[in-house]
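This is my_file14.tsv. It holds TSV, C-alpha atoms.
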```tsv
chain	number	residue	atom	x	y	z
M	250	MET	CA	21.53	19.23	-4.56
M	251	GLY	CA	21.29	17.06	-1.45
M	252	LEU	CA	18.80	14.31	-0.73
M	253	LYS	CA	16.82	16.69	1.42
M	254	GLU	CA	16.21	19.21	-1.35
M	255	ILE	CA	15.50	16.48	-3.87
M	256	LEU	CA	13.03	14.49	-1.83
M	257	SER	CA	11.36	17.19	0.22
M	258	GLN	CA	9.25	17.95	-2.85
M	259	ALA	CA	7.91	14.38	-2.95
M	260	LYS	CA	4.31	14.01	-1.79
M	261	PHE	CA	2.65	10.69	-1.03
M	262	ALA	CA	-0.09	10.36	-3.64
M	263	GLN	CA	-1.24	6.81	-4.30
M	264	VAL	CA	-1.61	3.17	-3.40
M	265	GLY	CA	-1.84	1.20	-6.65
M	266	PHE	CA	-3.38	-2.25	-7.13
M	267	VAL	CA	-3.23	-4.65	-10.08
M	268	VAL	CA	-6.46	-6.58	-10.64
M	269	ASN	CA	-7.82	-9.09	-13.14
M	270	ASN	CA	-11.18	-7.41	-13.65
M	271	ILE	CA	-11.39	-3.70	-12.99
M	272	GLU	CA	-15.16	-3.62	-13.52
M	273	GLU	CA	-15.74	-6.09	-10.70
M	274	THR	CA	-13.20	-4.63	-8.28
M	275	LYS	CA	-14.25	-1.02	-8.77
M	276	LYS	CA	-17.85	-2.06	-7.97
M	277	LYS	CA	-16.62	-3.48	-4.66
M	278	TYR	CA	-14.59	-0.40	-3.76
M	279	ALA	CA	-17.47	1.89	-4.71
M	280	LEU	CA	-19.61	-0.13	-2.30
M	281	LEU	CA	-16.91	0.07	0.39
M	282	PHE	CA	-16.49	3.82	0.06
M	283	ASP	CA	-20.18	4.38	-0.64
M	284	CYS	CA	-19.40	6.46	-3.71
M	285	ALA	CA	-20.32	6.41	-7.39
M	286	GLU	CA	-18.29	3.98	-9.49
M	287	PRO	CA	-15.48	5.94	-11.10
M	288	VAL	CA	-15.15	5.71	-14.88
M	289	ASP	CA	-12.40	3.31	-15.90
M	290	PHE	CA	-10.42	4.09	-19.00
M	291	VAL	CA	-7.57	2.84	-21.14
M	292	CYS	CA	-4.27	4.48	-20.17
M	293	GLY	CA	-3.85	6.00	-23.62
M	294	GLU	CA	-2.25	5.67	-27.04
M	295	TYR	CA	1.37	4.70	-27.51
M	296	SER	CA	1.92	7.70	-29.79
M	297	VAL	CA	1.40	9.86	-26.69
M	298	MET	CA	2.53	7.51	-23.92
M	299	GLN	CA	5.83	6.30	-25.38
M	300	THR	CA	5.81	3.50	-22.81
M	301	ARG	CA	9.20	1.95	-22.09
M	302	VAL	CA	9.60	-1.30	-20.13
M	303	PHE	CA	13.14	-1.81	-18.83
M	304	GLY	CA	14.28	0.85	-21.27
M	305	GLU	CA	12.76	-0.75	-24.37
M	306	PRO	CA	9.81	0.73	-26.29
M	307	ALA	CA	6.67	-1.22	-25.38
M	308	PRO	CA	3.99	-0.06	-27.82
M	309	LEU	CA	1.56	-2.82	-26.87
M	310	ALA	CA	1.78	-2.61	-23.06
M	311	ASN	CA	-1.36	-0.99	-21.74
M	312	SER	CA	-3.91	-1.09	-18.94
M	313	ARG	CA	-7.29	0.17	-17.80
M	314	LEU	CA	-7.29	2.51	-14.79
M	315	ALA	CA	-9.79	3.71	-12.20
M	316	PHE	CA	-9.24	5.97	-9.18
M	317	PHE	CA	-10.80	6.47	-5.75
M	318	ASP	CA	-9.94	9.13	-3.19
M	319	LEU	CA	-8.59	7.67	0.05
M	320	VAL	CA	-7.99	11.03	1.70
M	321	PRO	CA	-7.63	14.40	-0.03
M	322	GLY	CA	-4.59	14.15	-2.30
M	323	VAL	CA	-4.18	10.39	-1.89
M	324	GLN	CA	-5.77	7.97	-4.32
M	325	LEU	CA	-6.39	4.28	-4.51
M	326	GLU	CA	-5.63	3.25	-8.11
M	327	LEU	CA	-6.95	0.09	-9.74
M	328	ILE	CA	-5.01	-1.18	-12.76
M	329	GLU	CA	-6.14	-3.96	-15.09
M	330	PRO	CA	-3.20	-4.66	-17.40
M	331	ASN	CA	-3.53	-6.18	-20.85
M	332	GLN	CA	-1.59	-9.35	-21.66
M	333	GLU	CA	1.60	-7.67	-22.93
M	334	PRO	CA	4.69	-7.63	-20.69
M	335	SER	CA	4.67	-4.59	-18.40
M	336	VAL	CA	5.36	-3.72	-14.79
M	337	TRP	CA	1.65	-4.36	-14.22
M	338	ARG	CA	1.25	-7.66	-16.11
M	339	ASP	CA	4.50	-9.08	-14.75
M	340	HIS	CA	3.45	-8.35	-11.16
M	341	LEU	CA	-0.02	-9.79	-11.70
M	342	ASN	CA	1.38	-12.98	-13.24
M	343	LYS	CA	3.99	-13.38	-10.51
M	344	TYR	CA	2.12	-12.34	-7.35
M	345	GLY	CA	-1.56	-12.30	-8.30
M	346	GLU	CA	-3.95	-9.48	-7.59
M	347	GLY	CA	-2.95	-7.00	-4.92
M	348	ILE	CA	-1.03	-3.90	-3.99
M	349	HIS	CA	1.47	-3.09	-6.73
M	350	HIS	CA	3.12	0.21	-5.74
M	351	ILE	CA	2.99	3.37	-3.71
M	352	ALA	CA	3.34	6.64	-5.59
M	353	PHE	CA	4.77	10.05	-4.82
M	354	SER	CA	4.14	13.16	-6.87
M	355	VAL	CA	7.23	15.25	-7.52
M	356	ASP	CA	7.92	18.55	-9.26
M	357	ASP	CA	10.76	17.22	-11.38
M	358	ALA	CA	11.27	13.47	-11.58
M	359	THR	CA	14.73	13.49	-13.18
M	360	PRO	CA	16.85	14.45	-10.12
M	361	VAL	CA	14.67	12.28	-7.89
M	362	VAL	CA	15.30	9.22	-10.07
M	363	GLU	CA	19.04	9.95	-10.03
M	364	LYS	CA	19.04	10.29	-6.26
M	365	LEU	CA	16.99	7.14	-5.76
M	366	LYS	CA	19.42	5.23	-7.99
M	367	GLU	CA	22.41	6.64	-6.14
M	368	GLU	CA	21.20	6.26	-2.55
M	369	PHE	CA	18.81	3.32	-2.74
M	370	GLY	CA	19.88	1.30	-5.79
M	371	ALA	CA	16.61	2.04	-7.58
M	372	VAL	CA	16.06	0.33	-10.93
M	373	VAL	CA	13.76	1.95	-13.50
M	374	GLU	CA	11.25	-0.69	-14.53
M	375	GLN	CA	8.81	1.24	-16.69
M	376	GLU	CA	8.12	4.82	-17.68
M	377	GLY	CA	5.81	6.77	-19.92
M	378	ILE	CA	3.71	9.84	-20.53
M	379	TYR	CA	0.15	10.14	-19.21
M	380	GLY	CA	-2.44	9.27	-21.85
M	381	ASP	CA	-3.55	12.91	-21.99
M	382	GLY	CA	0.02	14.15	-22.30
M	383	SER	CA	-0.16	16.17	-19.08
M	384	GLY	CA	2.68	14.50	-17.19
M	385	ARG	CA	4.80	11.40	-16.84
M	386	TYR	CA	5.28	8.41	-14.55
M	387	ILE	CA	8.28	6.28	-13.66
M	388	TYR	CA	8.16	2.95	-11.82
M	389	LEU	CA	11.22	2.19	-9.73
M	390	ASP	CA	12.09	-1.13	-8.16
M	391	LEU	CA	13.15	-0.24	-4.60
M	392	GLN	CA	12.53	-3.67	-3.15
M	393	LYS	CA	16.04	-4.07	-1.77
M	394	ASP	CA	16.09	-0.95	0.39
M	395	LEU	CA	12.47	0.22	0.70
M	396	LYS	CA	10.69	-3.15	0.25
M	397	CYS	CA	8.36	-1.94	-2.46
M	398	ARG	CA	7.95	-0.48	-5.92
M	399	VAL	CA	7.71	3.31	-6.00
M	400	GLU	CA	6.04	5.29	-8.77
M	401	LEU	CA	6.99	8.91	-9.35
M	402	LEU	CA	4.32	11.17	-10.84
M	403	GLU	CA	5.30	14.44	-12.49
M	404	THR	CA	2.77	16.89	-13.88
M	405	PHE	CA	4.28	18.94	-16.69
M	406	LYS	CA	4.44	22.65	-16.08
M	407	LYS	CA	2.26	24.67	-18.44
S	41	MET	CA	-27.39	0.55	10.19
S	42	GLY	CA	-26.54	0.60	6.47
S	43	LEU	CA	-23.16	0.24	4.85
S	44	LYS	CA	-23.00	3.99	4.43
S	45	GLU	CA	-23.35	4.76	8.12
S	46	ILE	CA	-21.01	1.93	9.09
S	47	LEU	CA	-18.20	2.72	6.71
S	48	SER	CA	-18.44	6.49	6.46
S	49	GLN	CA	-16.60	6.66	9.78
S	50	ALA	CA	-13.60	4.75	8.36
S	51	LYS	CA	-10.54	6.90	7.70
S	52	PHE	CA	-7.54	5.75	5.68
S	53	ALA	CA	-4.69	5.65	8.18
S	54	GLN	CA	-1.80	3.39	7.19
S	55	VAL	CA	0.24	1.43	4.70
S	56	GLY	CA	1.91	-1.43	6.58
S	57	PHE	CA	5.05	-3.34	5.55
S	58	VAL	CA	6.57	-6.55	6.89
S	59	VAL	CA	10.36	-6.55	6.93
S	60	ASN	CA	13.16	-8.84	8.06
S	61	ASN	CA	15.22	-6.18	9.80
S	62	ILE	CA	13.41	-3.12	11.06
S	63	GLU	CA	16.67	-1.40	12.10
S	64	GLU	CA	18.00	-1.49	8.55
S	65	THR	CA	14.76	-0.58	6.81
S	66	LYS	CA	13.88	2.30	9.14
S	67	LYS	CA	17.33	3.78	8.47
S	68	LYS	CA	16.55	3.76	4.74
S	69	TYR	CA	13.13	5.33	5.17
S	70	ALA	CA	14.53	7.98	7.51
S	71	LEU	CA	17.03	8.79	4.75
S	72	LEU	CA	14.26	8.87	2.14
S	73	PHE	CA	12.03	11.15	4.20
S	74	ASP	CA	14.97	13.10	5.60
S	75	CYS	CA	13.70	12.69	9.15
S	76	ALA	CA	15.03	11.34	12.42
S	77	GLU	CA	14.86	7.57	12.76
S	78	PRO	CA	11.71	6.74	14.70
S	79	VAL	CA	12.09	4.57	17.79
S	80	ASP	CA	11.13	0.97	17.11
S	81	PHE	CA	9.50	-0.98	19.88
S	82	VAL	CA	8.02	-4.36	20.72
S	83	CYS	CA	4.24	-4.40	20.21
S	84	GLY	CA	3.61	-5.22	23.85
S	85	GLU	CA	2.91	-7.93	26.40
S	86	TYR	CA	0.40	-10.69	25.83
S	87	SER	CA	-1.26	-9.93	29.18
S	88	VAL	CA	-2.37	-6.64	27.61
S	89	MET	CA	-2.53	-7.54	23.91
S	90	GLN	CA	-4.50	-10.79	24.11
S	91	THR	CA	-3.42	-11.52	20.54
S	92	ARG	CA	-5.61	-14.01	18.67
S	93	VAL	CA	-4.57	-15.57	15.36
S	94	PHE	CA	-7.51	-17.12	13.49
S	95	GLY	CA	-9.48	-16.99	16.71
S	96	GLU	CA	-6.92	-18.85	18.82
S	97	PRO	CA	-4.91	-17.23	21.63
S	98	ALA	CA	-1.37	-16.56	20.35
S	99	PRO	CA	0.65	-15.56	23.42
S	100	LEU	CA	3.99	-15.81	21.59
S	101	ALA	CA	3.14	-13.92	18.38
S	102	ASN	CA	4.79	-10.53	18.48
S	103	SER	CA	6.59	-7.96	16.38
S	104	ARG	CA	8.66	-4.78	16.50
S	105	LEU	CA	7.03	-1.66	15.05
S	106	ALA	CA	8.17	1.72	13.76
S	107	PHE	CA	6.12	4.50	12.16
S	108	PHE	CA	6.69	7.31	9.66
S	109	ASP	CA	4.23	10.02	8.62
S	110	LEU	CA	3.36	9.85	4.91
S	111	VAL	CA	0.91	12.74	5.03
S	112	PRO	CA	-0.87	14.12	8.11
S	113	GLY	CA	-2.99	11.30	9.51
S	114	VAL	CA	-1.48	8.60	7.27
S	115	GLN	CA	1.46	6.51	8.43
S	116	LEU	CA	3.90	4.10	6.89
S	117	GLU	CA	4.29	1.25	9.38
S	118	LEU	CA	7.26	-1.11	9.46
S	119	ILE	CA	6.70	-4.47	11.16
S	120	GLU	CA	9.40	-7.00	11.99
S	121	PRO	CA	7.61	-10.12	13.22
S	122	ASN	CA	9.14	-12.69	15.51
S	123	GLN	CA	9.22	-16.33	14.40
S	124	GLU	CA	5.85	-17.36	15.85
S	125	PRO	CA	2.90	-17.83	13.49
S	126	SER	CA	1.04	-14.55	12.97
S	127	VAL	CA	-0.52	-12.55	10.18
S	128	TRP	CA	2.87	-10.83	9.92
S	129	ARG	CA	5.18	-13.88	10.01
S	130	ASP	CA	2.95	-15.90	7.67
S	131	HIS	CA	2.95	-13.11	5.08
S	132	LEU	CA	6.70	-12.62	5.35
S	133	ASN	CA	7.36	-16.34	4.93
S	134	LYS	CA	4.95	-16.65	2.01
S	135	TYR	CA	5.56	-13.43	0.05
S	136	GLY	CA	8.78	-11.96	1.42
S	137	GLU	CA	9.27	-8.39	2.52
S	138	GLY	CA	6.78	-5.85	1.27
S	139	ILE	CA	3.43	-4.18	1.70
S	140	HIS	CA	1.30	-6.20	4.08
S	141	HIS	CA	-1.92	-4.22	4.60
S	142	ILE	CA	-3.73	-0.92	4.39
S	143	ALA	CA	-5.41	0.30	7.55
S	144	PHE	CA	-8.48	2.38	8.34
S	145	SER	CA	-9.23	3.92	11.69
S	146	VAL	CA	-12.82	3.50	12.84
S	147	ASP	CA	-14.85	4.66	15.83
S	148	ASP	CA	-16.26	1.25	16.61
S	149	ALA	CA	-14.75	-1.78	14.88
S	150	THR	CA	-17.47	-4.30	15.78
S	151	PRO	CA	-20.20	-3.22	13.29
S	152	VAL	CA	-17.55	-2.57	10.63
S	153	VAL	CA	-16.22	-6.12	10.95
S	154	GLU	CA	-19.76	-7.48	10.73
S	155	LYS	CA	-20.50	-5.43	7.63
S	156	LEU	CA	-17.21	-6.39	5.96
S	157	LYS	CA	-17.98	-10.06	6.63
S	158	GLU	CA	-21.50	-9.69	5.27
S	159	GLU	CA	-20.81	-7.61	2.17
S	160	PHE	CA	-17.25	-8.59	1.25
S	161	GLY	CA	-16.68	-12.03	2.75
S	162	ALA	CA	-14.03	-10.69	5.13
S	163	VAL	CA	-12.21	-13.25	7.27
S	164	VAL	CA	-10.72	-12.16	10.60
S	165	GLU	CA	-7.08	-13.26	10.58
S	166	GLN	CA	-5.70	-11.69	13.73
S	167	GLU	CA	-6.79	-9.27	16.42
S	168	GLY	CA	-5.51	-7.80	19.62
S	169	ILE	CA	-5.20	-4.85	21.96
S	170	TYR	CA	-2.52	-2.18	21.47
S	171	GLY	CA	0.49	-2.75	23.71
S	172	ASP	CA	-0.41	0.34	25.74
S	173	GLY	CA	-4.01	-0.75	26.10
S	174	SER	CA	-5.36	2.33	24.31
S	175	GLY	CA	-7.18	0.61	21.48
S	176	ARG	CA	-7.45	-2.51	19.36
S	177	TYR	CA	-6.66	-3.76	15.87
S	178	ILE	CA	-8.25	-6.37	13.63
S	179	TYR	CA	-6.71	-7.78	10.46
S	180	LEU	CA	-9.23	-8.88	7.84
S	181	ASP	CA	-8.50	-10.92	4.74
S	182	LEU	CA	-10.36	-9.11	1.96
S	183	GLN	CA	-8.29	-10.53	-0.87
S	184	LYS	CA	-11.27	-11.93	-2.75
S	185	ASP	CA	-13.22	-8.70	-3.13
S	186	LEU	CA	-10.80	-5.88	-2.30
S	187	LYS	CA	-7.51	-7.57	-3.28
S	188	CYS	CA	-5.74	-6.84	-0.03
S	189	ARG	CA	-5.64	-7.26	3.72
S	190	VAL	CA	-7.36	-4.48	5.67
S	191	GLU	CA	-6.57	-3.57	9.25
S	192	LEU	CA	-9.11	-1.76	11.38
S	193	LEU	CA	-7.80	0.48	14.14
S	194	GLU	CA	-10.06	1.50	17.00
S	195	THR	CA	-8.95	3.88	19.75
S	196	PHE	CA	-10.87	3.21	22.95
S	197	LYS	CA	-12.95	6.08	24.20
S	198	LYS	CA	-11.76	7.47	27.52
```

Structure translated into structure tokens:
Amino acid sequence: MGLKEILSQAKFAQVGFVVNNIEETKKKYALLFDCAEPVDFVCGEYSVMQTRVFGEPAPLANSRLAFFDLVPGVQLELIEPNQEPSVWRDHLNKYGEGIHHIAFSVDDATPVVEKLKEEFGAVVEQEGIYGDGSGRYIYLDLQKDLKCRVELLETFKK
Amino acid sequence: MGLKEILSQAKFAQVGFVVNNIEETKKKYALLFDCAEPVDFVCGEYSVMQTRVFGEPAPLANSRLAFFDLVPGVQLELIEPNQEPSVWRDHLNKYGEGIHHIAFSVDDATPVVEKLKEEFGAVVEQEGIYGDGSGRYIYLDLQKDLKCRVELLETFKK
């Protein structure tokens, strides 16, 4: 399959932020967007999530999440990581609060990851299952070629 | 006018990146999105742009720009700043290549800027007219409350 077939399924879905205090920041964004404060929630349990950081099981890495709609189909995600090493905590410690990634939803992440490794030197930083078991995410370091971290989001087919 | 009226007109429009070499990075993004490489161009002439950095005229601050569509109405912007102090060059020197801002298009930037100053402690970092004279942009530091830089984009009414 060529790059075109692989990536044409990718849909821009998210701008993700890491923050120190999700309660405070979600209040501000709710004020900005003049909407109700979204519920924030812990990502999930390791038994479901199977989080891996740089390929190693990371049972203690976790975060709280909250979402706002930017435009239909595109969300602003707030992430408050716990203190354990993760793609979230490491970014927060290194760069402070701010934009952490952009995300694309894809039908099948596996060939996209392979293609991004092949064509753009992508490095898988972290991956796991959604807390509710409905899909999976993969964070890829694409700083060298694309100047950012990209998250792939795959909803499992029922 | 309340926050609701002021901000309800704002439409998410852009994720902006600063890069060292726009030629190289736009090639990569064209490959990623499987599209033709967009033309990159110099922002414009100071006689039109009237660029101000922290309130002071900045006749030498400039950059090259290129745009990709992420979803209809939302663009990925690549910015290669020249060496003069600007909101672009300062970010690039301080943080390296990466995501620089998110942008919202608004009907009338003036009351939005006032409201963002009032409610979120926004600081105007840079502003100017589009190179073709068709509108204006304002960069606001909203790091404290919103954890990012926001750009407002206003197209002048004809």

Distance table requested - chain S against chain M, cut-off 10 Å, only C-alpha atoms: one row per qualifying residue with the closest atom pair and its distance in Å to one decimal, ordered by chain and rising residue number, as JSON lines.
```
{"residue": "S:Leu43", "atom": "CA", "partner": "M:Asp283", "partner_atom": "CA", "distance": 7.5}
{"residue": "S:Lys44", "atom": "CA", "partner": "M:Asp283", "partner_atom": "CA", "distance": 5.8}
{"residue": "S:Glu45", "atom": "CA", "partner": "M:Asp283", "partner_atom": "CA", "distance": 9.3}
{"residue": "S:Ile46", "atom": "CA", "partner": "M:Leu281", "partner_atom": "CA", "distance": 9.8}
{"residue": "S:Leu47", "atom": "CA", "partner": "M:Phe282", "partner_atom": "CA", "distance": 7.0}
{"residue": "S:Ser48", "atom": "CA", "partner": "M:Phe282", "partner_atom": "CA", "distance": 7.2}
{"residue": "S:Ala50", "atom": "CA", "partner": "M:Phe282", "partner_atom": "CA", "distance": 8.8}
{"residue": "S:Lys51", "atom": "CA", "partner": "M:Val320", "partner_atom": "CA", "distance": 7.7}
{"residue": "S:Phe52", "atom": "CA", "partner": "M:Leu319", "partner_atom": "CA", "distance": 6.0}
{"residue": "S:Ala53", "atom": "CA", "partner": "M:Val320", "partner_atom": "CA", "distance": 9.0}
{"residue": "S:Val55", "atom": "CA", "partner": "M:Val264", "partner_atom": "CA", "distance": 8.5}
{"residue": "S:Phe57", "atom": "CA", "partner": "M:Lys396", "partner_atom": "CA", "distance": 7.7}
{"residue": "S:Val58", "atom": "CA", "partner": "M:Lys396", "partner_atom": "CA", "distance": 8.5}
{"residue": "S:Val59", "atom": "CA", "partner": "M:Lys396", "partner_atom": "CA", "distance": 7.5}
{"residue": "S:Asn60", "atom": "CA", "partner": "M:Lys396", "partner_atom": "CA", "distance": 10.0}
{"residue": "S:Glu64", "atom": "CA", "partner": "M:Asp394", "partner_atom": "CA", "distance": 8.4}
{"residue": "S:Thr65", "atom": "CA", "partner": "M:Asp394", "partner_atom": "CA", "distance": 6.6}
{"residue": "S:Lys66", "atom": "CA", "partner": "M:Leu395", "partner_atom": "CA", "distance": 8.8}
{"residue": "S:Lys67", "atom": "CA", "partner": "M:Asp394", "partner_atom": "CA", "distance": 9.4}
{"residue": "S:Lys68", "atom": "CA", "partner": "M:Asp394", "partner_atom": "CA", "distance": 6.4}
{"residue": "S:Tyr69", "atom": "CA", "partner": "M:Leu395", "partner_atom": "CA", "distance": 6.8}
{"residue": "S:Leu71", "atom": "CA", "partner": "M:Leu252", "partner_atom": "CA", "distance": 8.0}
{"residue": "S:Leu72", "atom": "CA", "partner": "M:Leu256", "partner_atom": "CA", "distance": 7.0}
{"residue": "S:Phe73", "atom": "CA", "partner": "M:Leu256", "partner_atom": "CA", "distance": 7.0}
{"residue": "S:Asp74", "atom": "CA", "partner": "M:Lys253", "partner_atom": "CA", "distance": 5.8}
{"residue": "S:Cys75", "atom": "CA", "partner": "M:Lys253", "partner_atom": "CA", "distance": 9.2}
{"residue": "S:Asp109", "atom": "CA", "partner": "M:Phe261", "partner_atom": "CA", "distance": 9.8}
{"residue": "S:Leu110", "atom": "CA", "partner": "M:Phe261", "partner_atom": "CA", "distance": 6.0}
{"residue": "S:Val111", "atom": "CA", "partner": "M:Phe261", "partner_atom": "CA", "distance": 6.6}
{"residue": "S:Gly113", "atom": "CA", "partner": "M:Val320", "partner_atom": "CA", "distance": 9.3}
{"residue": "S:Val114", "atom": "CA", "partner": "M:Val320", "partner_atom": "CA", "distance": 8.9}
{"residue": "S:Tyr135", "atom": "CA", "partner": "M:Tyr344", "partner_atom": "CA", "distance": 8.2}
{"residue": "S:Gly136", "atom": "CA", "partner": "M:Lys396", "partner_atom": "CA", "distance": 9.1}
{"residue": "S:Glu137", "atom": "CA", "partner": "M:Lys396", "partner_atom": "CA", "distance": 5.9}
{"residue": "S:Gly138", "atom": "CA", "partner": "M:Lys396", "partner_atom": "CA", "distance": 4.9}
{"residue": "S:Ile139", "atom": "CA", "partner": "M:Cys397", "partner_atom": "CA", "distance": 6.8}
{"residue": "S:His140", "atom": "CA", "partner": "M:Ile348", "partner_atom": "CA", "distance": 8.7}
{"residue": "S:His141", "atom": "CA", "partner": "M:Ile348", "partner_atom": "CA", "distance": 8.6}
{"residue": "S:Ile142", "atom": "CA", "partner": "M:Val264", "partner_atom": "CA", "distance": 9.1}
{"residue": "S:Phe144", "atom": "CA", "partner": "M:Leu319", "partner_atom": "CA", "distance": 9.8}
{"residue": "S:Lys155", "atom": "CA", "partner": "M:Leu281", "partner_atom": "CA", "distance": 9.8}
{"residue": "S:Leu156", "atom": "CA", "partner": "M:Leu281", "partner_atom": "CA", "distance": 8.5}
{"residue": "S:Glu159", "atom": "CA", "partner": "M:Leu281", "partner_atom": "CA", "distance": 8.8}
{"residue": "S:Phe160", "atom": "CA", "partner": "M:Lys277", "partner_atom": "CA", "distance": 7.8}
{"residue": "S:Gln183", "atom": "CA", "partner": "M:Gly347", "partner_atom": "CA", "distance": 7.6}
{"residue": "S:Lys184", "atom": "CA", "partner": "M:Glu346", "partner_atom": "CA", "distance": 9.1}
{"residue": "S:Asp185", "atom": "CA", "partner": "M:Lys277", "partner_atom": "CA", "distance": 6.4}
{"residue": "S:Leu186", "atom": "CA", "partner": "M:Thr274", "partner_atom": "CA", "distance": 6.6}
{"residue": "S:Lys187", "atom": "CA", "partner": "M:Gly347", "partner_atom": "CA", "distance": 4.9}
{"residue": "S:Cys188", "atom": "CA", "partner": "M:Gly347", "partner_atom": "CA", "distance": 5.6}
{"residue": "S:Arg189", "atom": "CA", "partner": "M:Gly347", "partner_atom": "CA", "distance": 9.1}
```

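Residues in contact with region 168-180 of chain S at 6 Å, where all atoms listed in the file are counted and same-chain residues fewer than 3 positions away are skipped, are listed as Cys83, Gly84, Met89, Gln90, Thr91, Ala162, Val163, Val164, Glu165, Arg189, Val190, Glu191, Leu192, Leu193, Glu194, Thr195 and Phe196 of chain S.
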
Practice item. Point out the residue among S:Ile62, S:Val127, S:Val79, S:Ala70 with the least atom-to-atom distance to Asn102 (chain S), counting only C-alpha atoms. Key: S:Val127

Practice item. Rank M:Pro330, M:Gly304, M:Pro360, M:Pro287 by their smallest atom-to-atom distance to Gln258 (chain M), using all atoms listed in the file, and report the top residue only. Key: M:Pro360

Take region 49-54 of chain S, model all heavy atoms, and hand the result over as an mmCIF file, keeping the file's coordinate frame.
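The new file out.cif reads:
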```
data_model
loop_
_atom_site.group_PDB
_atom_site.id
_atom_site.type_symbol
_atom_site.label_atom_id
_atom_site.label_comp_id
_atom_site.auth_asym_id
_atom_site.auth_seq_id
_atom_site.Cartn_x
_atom_site.Cartn_y
_atom_site.Cartn_z
ATOM 1 N N GLN S 49 -17.499 6.279 8.671
ATOM 2 C CA GLN S 49 -16.600 6.660 9.780
ATOM 3 C C GLN S 49 -15.157 6.210 9.534
ATOM 4 O O GLN S 49 -14.251 6.630 10.253
ATOM 5 C CB GLN S 49 -17.104 6.049 11.091
ATOM 6 C CG GLN S 49 -17.267 4.540 11.005
ATOM 7 C CD GLN S 49 -17.312 3.843 12.351
ATOM 8 O OE1 GLN S 49 -16.443 3.995 13.191
ATOM 9 N NE2 GLN S 49 -18.361 3.070 12.552
ATOM 10 N N ALA S 50 -14.947 5.316 8.563
ATOM 11 C CA ALA S 50 -13.600 4.750 8.360
ATOM 12 C C ALA S 50 -12.690 5.772 7.685
ATOM 13 O O ALA S 50 -13.064 6.402 6.709
ATOM 14 C CB ALA S 50 -13.695 3.483 7.511
ATOM 15 N N LYS S 51 -11.492 5.921 8.226
ATOM 16 C CA LYS S 51 -10.540 6.900 7.700
ATOM 17 C C LYS S 51 -9.237 6.187 7.358
ATOM 18 O O LYS S 51 -8.665 5.505 8.194
ATOM 19 C CB LYS S 51 -10.302 7.974 8.780
ATOM 20 C CG LYS S 51 -9.805 9.274 8.196
ATOM 21 C CD LYS S 51 -9.529 10.327 9.247
ATOM 22 C CE LYS S 51 -8.476 11.285 8.756
ATOM 23 N NZ LYS S 51 -7.175 10.693 8.377
ATOM 24 N N PHE S 52 -8.793 6.369 6.117
ATOM 25 C CA PHE S 52 -7.540 5.750 5.680
ATOM 26 C C PHE S 52 -6.408 6.223 6.586
ATOM 27 O O PHE S 52 -6.241 7.430 6.794
ATOM 28 C CB PHE S 52 -7.263 6.118 4.219
ATOM 29 C CG PHE S 52 -5.961 5.580 3.692
ATOM 30 C CD1 PHE S 52 -5.687 4.225 3.697
ATOM 31 C CD2 PHE S 52 -5.008 6.444 3.172
ATOM 32 C CE1 PHE S 52 -4.486 3.731 3.206
ATOM 33 C CE2 PHE S 52 -3.805 5.959 2.674
ATOM 34 C CZ PHE S 52 -3.549 4.598 2.697
ATOM 35 N N ALA S 53 -5.631 5.288 7.119
ATOM 36 C CA ALA S 53 -4.690 5.650 8.180
ATOM 37 C C ALA S 53 -3.274 5.107 7.995
ATOM 38 O O ALA S 53 -2.341 5.616 8.613
ATOM 39 C CB ALA S 53 -5.224 5.152 9.519
ATOM 40 N N GLN S 54 -3.089 4.094 7.147
ATOM 41 C CA GLN S 54 -1.800 3.390 7.190
ATOM 42 C C GLN S 54 -1.542 2.537 5.958
ATOM 43 O O GLN S 54 -2.472 1.952 5.401
ATOM 44 C CB GLN S 54 -1.856 2.434 8.380
ATOM 45 C CG GLN S 54 -0.631 2.240 9.176
ATOM 46 C CD GLN S 54 -0.934 1.387 10.404
ATOM 47 O OE1 GLN S 54 -1.396 0.270 10.272
ATOM 48 N NE2 GLN S 54 -0.666 1.926 11.577
#
```
